[in-house]
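A.B. asks: First, the structure itself, so that you have it in front of you.
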Amino acid sequence: MQREELVDLNAFAVVAEEKSFTRAAAKLGTSQSSLSHTIRRLEARLGVRLLTRTTRNVAPTEAGERLLATLRPALESIDSELASLRELREKPTGTIRITTSEHAAATILWPALEGLLPQYPDIHIELSIDSSLRDIVADRFDAGVRLGEALAKDMIAVRISPDVRMVIVGSPAYLAKHPAPRTPNELAEHNCVNLRLLSSGGLYAWELEKDGRELRVRVDGQLVFNNVGMIVRAVRAGLGLGFVMEDHVAADVAEGRLVRVMEDWCVPFSGYHLYYPSRRQLSAAFSLLVEALRYRD
């Protein structure tokens, strides 16, 4: 069916139901003469008269009644589907893929999603938990969560957490045998548990700062993990010092299982940020997620 034919059939249906060219023209937003021409064109194409016209009334012929009976449910179905599409455009829906670290997923994303998703059952979230720095665009993610606010090219960053702090900790048993370090240089004398970065394959350099002096310290020790949970476990066991997020060990410190050292060298980092391409057209679902995660001091 040609587009013109669908327009003509819809015009006929409106005239037949309104039983008036005047009311039908007003409803369709056209002139009476244009509408009359449309109906004549349709009748000529079908080779049958569809409407009986008098000075007082317009009524479908028998052929017109048969056509109207066929058209009515079809046009109602089209109207219903168009209404559904308009509702879909305004309704938060769709799948959002996010690459994130385990820590950010557990402490920032999950609390927000736990409250958001029950309210919006048509939103689907896929979290790829990975400590490596994935390429958001190349790996077809909608967004990524990273520490800090250094912008990659063509990216927008939205802060989603307060500042976070890394701390150096050791067990009381370890520190009883090895005096607590006071300066970055003294870390060379200690067995330190290292973190292997999946993104580069290298070992994470401990980022320390004091009085505006920033250092990235390479440490050495018997153990290397690519999982923070295992680092904390090794430190609890007295196998060395670890450099981890403060909230990973807050309970251990409070209950005396671990002790913080070199606190004057451990300063807060700018918190987690949600990154997404600046050219991305924000859907209702994505905009809703951004607002749910946005950090408000």
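Simple scheme: letters A, B, ... for chains in structure tokens order, numbers from 1 for residues in each chain, numbers from 1 for ligands in the order shown.
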Write out as an MDAnalysis selection string all residues of segment 26-221 of chain A that backbone DSSP assigns to alpha helix (DSSP H).

C.D. replies: chainID A and resid 26:28 32:46 62:90 102:104 110:116 172:177

A.B. asks: Considering only C-alpha atoms, return as JSON, numbers by chain whatever protein or nucleic-acid residues lie within 12 Å of segment 203-207 of chain A, sequence-local ones (same chain, fewer than 6 positions apart) excluded.

C.D. replies: {"A": [131, 132, 165, 166, 167, 168, 184, 187, 192, 193, 194, 195, 196, 197, 213, 214, 215, 216, 217, 218, 219, 220, 221, 223, 224, 225, 226, 227, 228, 241, 242, 243, 244, 245, 265, 266, 267, 268, 269]}

A.B. asks: Using N, CA, C and O atoms, can you write the selected residues to a file as a compact mmCIF listing (two decimals), in the first residue's frame?

C.D. replies:
# COMPACT_ATOMS: atom_id res chain seq x y z
N SER A 131 38.71 -4.62 37.21
CA SER A 131 39.59 -3.56 37.72
C SER A 131 40.42 -2.92 36.61
O SER A 131 41.08 -1.91 36.84
N SER A 132 40.42 -3.51 35.41
CA SER A 132 41.16 -2.91 34.30
C SER A 132 40.38 -1.72 33.75
O SER A 132 39.16 -1.62 33.90
N ARG A 165 39.70 7.56 50.42
CA ARG A 165 41.06 7.56 50.96
C ARG A 165 41.66 6.16 50.91
O ARG A 165 41.00 5.18 51.23
N MET A 166 42.90 6.10 50.49
CA MET A 166 43.68 4.87 50.58
C MET A 166 44.47 4.92 51.88
O MET A 166 44.93 6.00 52.30
N VAL A 167 44.64 3.77 52.51
CA VAL A 167 45.40 3.73 53.77
C VAL A 167 46.41 2.58 53.72
O VAL A 167 46.22 1.59 53.02
N ILE A 168 47.49 2.75 54.48
CA ILE A 168 48.50 1.70 54.64
C ILE A 168 48.23 1.01 55.97
O ILE A 168 48.13 1.68 57.01
N PRO A 184 58.02 7.35 53.13
CA PRO A 184 57.98 6.46 51.96
C PRO A 184 59.26 5.66 51.78
O PRO A 184 59.21 4.50 51.36
N LEU A 187 59.45 2.26 53.46
CA LEU A 187 58.66 1.15 52.93
C LEU A 187 59.55 0.10 52.27
O LEU A 187 59.17 -1.07 52.17
N CYS A 192 55.74 -5.76 51.50
CA CYS A 192 54.49 -5.10 51.09
C CYS A 192 53.74 -6.00 50.10
O CYS A 192 54.34 -6.63 49.23
N VAL A 193 52.44 -6.04 50.25
CA VAL A 193 51.60 -6.86 49.37
C VAL A 193 51.20 -6.02 48.17
O VAL A 193 50.56 -4.97 48.32
N ASN A 194 51.55 -6.48 46.98
CA ASN A 194 51.34 -5.69 45.77
C ASN A 194 50.02 -6.03 45.07
O ASN A 194 49.47 -7.13 45.21
N LEU A 195 49.55 -5.06 44.28
CA LEU A 195 48.35 -5.23 43.45
C LEU A 195 48.76 -5.22 41.98
O LEU A 195 49.42 -4.28 41.51
N ARG A 196 48.39 -6.27 41.25
CA ARG A 196 48.65 -6.34 39.82
C ARG A 196 47.50 -5.67 39.06
O ARG A 196 46.33 -6.02 39.23
N LEU A 197 47.81 -4.69 38.23
CA LEU A 197 46.79 -3.98 37.45
C LEU A 197 46.46 -4.77 36.19
O LEU A 197 47.36 -5.07 35.40
N ARG A 213 53.53 17.45 48.33
CA ARG A 213 54.53 16.62 47.64
C ARG A 213 53.90 15.27 47.30
O ARG A 213 53.50 14.53 48.19
N GLU A 214 53.81 14.96 46.02
CA GLU A 214 53.18 13.72 45.56
C GLU A 214 54.25 12.70 45.16
O GLU A 214 55.22 13.04 44.46
N LEU A 215 54.05 11.46 45.60
CA LEU A 215 54.98 10.39 45.27
C LEU A 215 54.22 9.16 44.79
O LEU A 215 53.12 8.88 45.27
N ARG A 216 54.82 8.46 43.86
CA ARG A 216 54.32 7.16 43.44
C ARG A 216 55.41 6.15 43.80
O ARG A 216 56.46 6.11 43.15
N VAL A 217 55.16 5.38 44.82
CA VAL A 217 56.20 4.54 45.41
C VAL A 217 56.04 3.09 44.94
O VAL A 217 54.97 2.49 45.11
N ARG A 218 57.11 2.53 44.39
CA ARG A 218 57.14 1.12 44.02
C ARG A 218 57.58 0.33 45.24
O ARG A 218 58.65 0.59 45.81
N VAL A 219 56.79 -0.63 45.64
CA VAL A 219 57.11 -1.43 46.82
C VAL A 219 57.38 -2.87 46.41
O VAL A 219 57.06 -3.29 45.30
N ASP A 220 57.93 -3.63 47.35
CA ASP A 220 58.28 -5.01 47.05
C ASP A 220 57.81 -5.91 48.18
O ASP A 220 57.64 -5.46 49.32
N GLY A 221 57.58 -7.18 47.86
CA GLY A 221 57.15 -8.13 48.88
C GLY A 221 56.98 -9.51 48.28
O GLY A 221 57.18 -9.72 47.08
N LEU A 223 54.14 -11.25 48.09
CA LEU A 223 52.83 -11.55 47.52
C LEU A 223 52.37 -10.49 46.52
O LEU A 223 52.55 -9.28 46.74
N VAL A 224 51.74 -10.95 45.45
CA VAL A 224 51.09 -10.08 44.47
C VAL A 224 49.71 -10.66 44.17
O VAL A 224 49.57 -11.86 43.92
N PHE A 225 48.68 -9.81 44.21
CA PHE A 225 47.32 -10.23 43.88
C PHE A 225 46.72 -9.24 42.88
O PHE A 225 47.16 -8.09 42.78
N ASN A 226 45.72 -9.70 42.17
CA ASN A 226 44.93 -8.76 41.36
C ASN A 226 43.55 -8.57 41.99
O ASN A 226 42.62 -8.14 41.33
N ASN A 227 43.45 -8.89 43.28
CA ASN A 227 42.18 -8.81 44.01
C ASN A 227 42.43 -8.19 45.38
O ASN A 227 43.27 -8.67 46.14
N VAL A 228 41.70 -7.11 45.68
CA VAL A 228 41.93 -6.38 46.93
C VAL A 228 41.54 -7.23 48.14
O VAL A 228 42.19 -7.16 49.19
N LEU A 241 52.52 -5.32 54.75
CA LEU A 241 51.71 -4.11 54.72
C LEU A 241 50.89 -4.08 53.43
O LEU A 241 51.32 -4.57 52.38
N GLY A 242 49.71 -3.48 53.51
CA GLY A 242 48.86 -3.33 52.33
C GLY A 242 48.41 -1.90 52.17
O GLY A 242 48.32 -1.14 53.15
N PHE A 243 48.15 -1.51 50.93
CA PHE A 243 47.65 -0.17 50.61
C PHE A 243 46.30 -0.34 49.95
O PHE A 243 46.20 -0.77 48.79
N VAL A 244 45.22 -0.04 50.69
CA VAL A 244 43.87 -0.37 50.23
C VAL A 244 42.91 0.76 50.56
O VAL A 244 43.24 1.68 51.32
N MET A 245 41.72 0.68 49.98
CA MET A 245 40.67 1.64 50.31
C MET A 245 40.34 1.58 51.80
O MET A 245 40.25 0.50 52.39
N TRP A 265 50.71 10.58 55.21
CA TRP A 265 51.01 10.46 53.79
C TRP A 265 49.81 9.97 52.98
O TRP A 265 49.90 9.84 51.74
N CYS A 266 48.73 9.66 53.64
CA CYS A 266 47.54 9.11 52.96
C CYS A 266 46.46 10.18 52.88
O CYS A 266 45.76 10.45 53.86
N VAL A 267 46.34 10.81 51.73
CA VAL A 267 45.38 11.91 51.55
C VAL A 267 44.21 11.42 50.69
O VAL A 267 44.34 10.45 49.94
N PRO A 268 43.07 12.10 50.77
CA PRO A 268 41.90 11.66 49.99
C PRO A 268 42.11 11.86 48.49
O PRO A 268 42.80 12.77 48.04
N PHE A 269 41.52 10.96 47.72
CA PHE A 269 41.44 11.10 46.26
C PHE A 269 40.08 11.70 45.91
O PHE A 269 39.10 11.52 46.64

A.B. asks: In Å, with one decimal, what is the gap from atom CA of Arg72 of chain A to atom CA of Val15 of chain A?

C.D. replies: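 Value for the atom CA of Arg72 of chain A-atom CA of Val15 of chain A distance: 12.4 Å.
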
A.B. asks: Give the strand (DSSP E) residues of segment 136-248 of chain A, as DSSP finds them on the backbone, and put them as a PyMOL selection string.

C.D. replies: chain A and resi 143-147+155-159+164-170+194-195+206-210+213-217+224-225+242-245

A.B. asks: So that I have them on file, write out the residues from the current selection with N, CA and C atoms, as a short mmCIF file (atom, residue, chain, number, x, y, z; two decimals), in the first residue's frame.

C.D. replies:
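Output file selection.cif follows:
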data_model
loop_
_atom_site.label_atom_id
_atom_site.label_comp_id
_atom_site.auth_asym_id
_atom_site.auth_seq_id
_atom_site.Cartn_x
_atom_site.Cartn_y
_atom_site.Cartn_z
N ALA A 143 28.71 3.39 29.77
CA ALA A 143 29.39 4.25 30.74
C ALA A 143 30.43 3.43 31.49
N GLY A 144 31.30 4.14 32.18
CA GLY A 144 32.31 3.50 33.03
C GLY A 144 32.44 4.27 34.33
N VAL A 145 32.86 3.59 35.38
CA VAL A 145 33.08 4.23 36.67
C VAL A 145 34.57 4.19 36.98
N ARG A 146 35.13 5.36 37.28
CA ARG A 146 36.56 5.48 37.56
C ARG A 146 36.78 6.43 38.74
N LEU A 147 37.93 6.28 39.39
CA LEU A 147 38.33 7.24 40.40
C LEU A 147 38.89 8.48 39.72
N MET A 155 34.69 12.71 26.61
CA MET A 155 33.96 12.10 27.71
C MET A 155 33.40 13.16 28.66
N ILE A 156 32.27 12.83 29.25
CA ILE A 156 31.67 13.65 30.31
C ILE A 156 31.81 12.87 31.61
N ALA A 157 32.17 13.57 32.69
CA ALA A 157 32.32 12.92 34.00
C ALA A 157 31.31 13.51 34.97
N VAL A 158 30.60 12.63 35.66
CA VAL A 158 29.64 13.04 36.69
C VAL A 158 30.10 12.42 38.01
N ARG A 159 30.34 13.26 39.01
CA ARG A 159 30.81 12.76 40.30
C ARG A 159 29.68 11.97 40.98
N VAL A 164 37.55 9.61 48.41
CA VAL A 164 37.91 8.31 49.00
C VAL A 164 39.37 8.37 49.44
N ARG A 165 39.70 7.56 50.42
CA ARG A 165 41.06 7.56 50.96
C ARG A 165 41.66 6.16 50.91
N MET A 166 42.90 6.10 50.49
CA MET A 166 43.68 4.87 50.58
C MET A 166 44.47 4.92 51.88
N VAL A 167 44.64 3.77 52.51
CA VAL A 167 45.40 3.73 53.77
C VAL A 167 46.41 2.58 53.72
N ILE A 168 47.49 2.75 54.48
CA ILE A 168 48.50 1.70 54.64
C ILE A 168 48.23 1.01 55.97
N VAL A 169 48.08 -0.30 55.94
CA VAL A 169 47.75 -1.03 57.16
C VAL A 169 48.63 -2.27 57.32
N GLY A 170 48.79 -2.66 58.58
CA GLY A 170 49.49 -3.90 58.90
C GLY A 170 48.87 -4.50 60.14
N ASN A 194 51.55 -6.48 46.98
CA ASN A 194 51.34 -5.69 45.77
C ASN A 194 50.02 -6.03 45.07
N LEU A 195 49.55 -5.06 44.28
CA LEU A 195 48.35 -5.23 43.45
C LEU A 195 48.76 -5.22 41.98
N TRP A 206 52.12 2.81 44.89
CA TRP A 206 51.36 3.44 45.97
C TRP A 206 51.43 4.96 45.83
N GLU A 207 50.28 5.58 45.77
CA GLU A 207 50.18 7.03 45.55
C GLU A 207 50.07 7.74 46.90
N LEU A 208 51.15 8.43 47.26
CA LEU A 208 51.24 9.08 48.56
C LEU A 208 51.43 10.58 48.37
N GLU A 209 51.03 11.35 49.39
CA GLU A 209 51.17 12.80 49.30
C GLU A 209 51.26 13.39 50.70
N LYS A 210 52.13 14.40 50.83
CA LYS A 210 52.25 15.13 52.10
C LYS A 210 52.73 16.53 51.82
N ARG A 213 53.53 17.45 48.33
CA ARG A 213 54.53 16.62 47.64
C ARG A 213 53.90 15.27 47.30
N GLU A 214 53.81 14.96 46.02
CA GLU A 214 53.18 13.72 45.56
C GLU A 214 54.25 12.70 45.16
N LEU A 215 54.05 11.46 45.60
CA LEU A 215 54.98 10.39 45.27
C LEU A 215 54.22 9.16 44.79
N ARG A 216 54.82 8.46 43.86
CA ARG A 216 54.32 7.16 43.44
C ARG A 216 55.41 6.15 43.80
N VAL A 217 55.16 5.38 44.82
CA VAL A 217 56.20 4.54 45.41
C VAL A 217 56.04 3.09 44.94
N VAL A 224 51.74 -10.95 45.45
CA VAL A 224 51.09 -10.08 44.47
C VAL A 224 49.71 -10.66 44.17
N PHE A 225 48.68 -9.81 44.21
CA PHE A 225 47.32 -10.23 43.88
C PHE A 225 46.72 -9.24 42.88
N GLY A 242 49.71 -3.48 53.51
CA GLY A 242 48.86 -3.33 52.33
C GLY A 242 48.41 -1.90 52.17
N PHE A 243 48.15 -1.51 50.93
CA PHE A 243 47.65 -0.17 50.61
C PHE A 243 46.30 -0.34 49.95
N VAL A 244 45.22 -0.04 50.69
CA VAL A 244 43.87 -0.37 50.23
C VAL A 244 42.91 0.76 50.56
N MET A 245 41.72 0.68 49.98
CA MET A 245 40.67 1.64 50.31
C MET A 245 40.34 1.58 51.80
#

A.B. asks: Could you pull the residues within 12 Å of Arg66 of chain A, counting only C-alpha atoms, minus those fewer than 5 positions along the same chain, as a count of residues only?

C.D. replies: 10

A.B. asks: Write out as a PyMOL selection string the residues lying within 10 Å of Arg140 of chain A, counting only C-alpha atoms and excluding same-chain residues fewer than 3 positions away.

C.D. replies: chain A and resi 97-99+134-137+143

A.B. asks: Next, the residues of the selection above should be written as a short mmCIF file (atom, residue, chain, number, x, y, z; two decimals), in the first residue's frame with C-alpha atoms.

C.D. replies:
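Once written, part24.cif looks like this:
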data_model
loop_
_atom_site.label_atom_id
_atom_site.label_comp_id
_atom_site.auth_asym_id
_atom_site.auth_seq_id
_atom_site.Cartn_x
_atom_site.Cartn_y
_atom_site.Cartn_z
CA ARG A 97 26.04 -1.52 30.25
CA ILE A 98 28.58 -0.18 32.75
CA THR A 99 32.21 -1.17 33.32
CA ARG A 134 38.24 -0.79 29.69
CA ASP A 135 37.73 1.32 26.58
CA ILE A 136 34.12 2.40 27.01
CA VAL A 137 33.49 3.11 23.33
CA ALA A 143 29.39 4.25 30.74
#

A.B. asks: Write out as an MDAnalysis selection string which residues come within 10 Å of segment 273-290 of chain A when counting only C-alpha atoms, dropping same-chain ones fewer than 3 positions away.

C.D. replies: chainID A and resid 88:96 98:100 104 109 112:113 116:117 120 122:125 136:137 141:162 270 293:295

A.B. asks: Please provide as a PDB file with C-alpha atoms, in the first residue's frame all residues within 10 Å of segment 27-35 of chain A, with the sequence filter that same-chain residues fewer than 6 positions apart are discarded (counting only C-alpha atoms).

C.D. replies:
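Output below, filename out.pdb:
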ATOM      1  CA  ASP A   8      -6.965   8.647   1.724  1.00  0.00           C
ATOM      2  CA  ASN A  10      -7.964   7.527   6.974  1.00  0.00           C
ATOM      3  CA  ALA A  11      -9.694  10.597   5.516  1.00  0.00           C
ATOM      4  CA  PHE A  12     -12.631   8.460   4.367  1.00  0.00           C
ATOM      5  CA  VAL A  14     -13.098  10.241   9.545  1.00  0.00           C
ATOM      6  CA  VAL A  15     -15.724  11.602   7.127  1.00  0.00           C
ATOM      7  CA  GLU A  18     -18.321  12.264  11.531  1.00  0.00           C
ATOM      8  CA  SER A  20     -19.858  15.695   7.870  1.00  0.00           C
ATOM      9  CA  PHE A  21     -17.141  17.120   5.641  1.00  0.00           C
ATOM     10  CA  ARG A  41      -9.682  10.348  -5.678  1.00  0.00           C
TER      11      ARG A  41
END

A.B. asks: Let me make sure I understand: among A:Ala237, A:Gly212, A:Ala63, A:Ala292, which one has the smallest atom-to-atom distance to Glu43 of chain A if we use only C-alpha atoms?

C.D. replies: A:Ala63

A.B. asks: Of the candidates A:Asp297, A:Glu76, A:Asp163, A:Asp264, which one gets nearest to Asp211 of chain A if we count only C-alpha atoms?

C.D. replies: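 Nearest candidate to Asp211 of chain A out of A:Asp297, A:Glu76, A:Asp163, A:Asp264: A:Asp264.
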
A.B. asks: To one decimal place in Å, what is the distance between atom CA of Val7 of chain A and atom CA of Gly47 of chain A?

C.D. replies: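 That distance, rounded to one decimal, is 17.7 Å.
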
A.B. asks: So, with only C-alpha atoms as the atoms that count, which of A:His248, A:Arg236, A:Arg53, A:Arg45 lies closest to Thr107 of chain A?

C.D. replies: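 The shortest atom-to-atom distance to Thr107 of chain A comes from A:His248.
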
A.B. asks: Just the number, please: distance in Å from atom CA of Arg296 of chain A to atom CA of Ile108 of chain A, one decimal.

C.D. replies: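 Going from atom CA of Arg296 of chain A over to atom CA of Ile108 of chain A, I get 13.0 Å.
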
A.B. asks: For Val58 of chain A, which residue out of A:Lys177, A:Lys19, A:Pro73, A:Ile78 is the nearest one, using only C-alpha atoms?

C.D. replies: A:Lys19
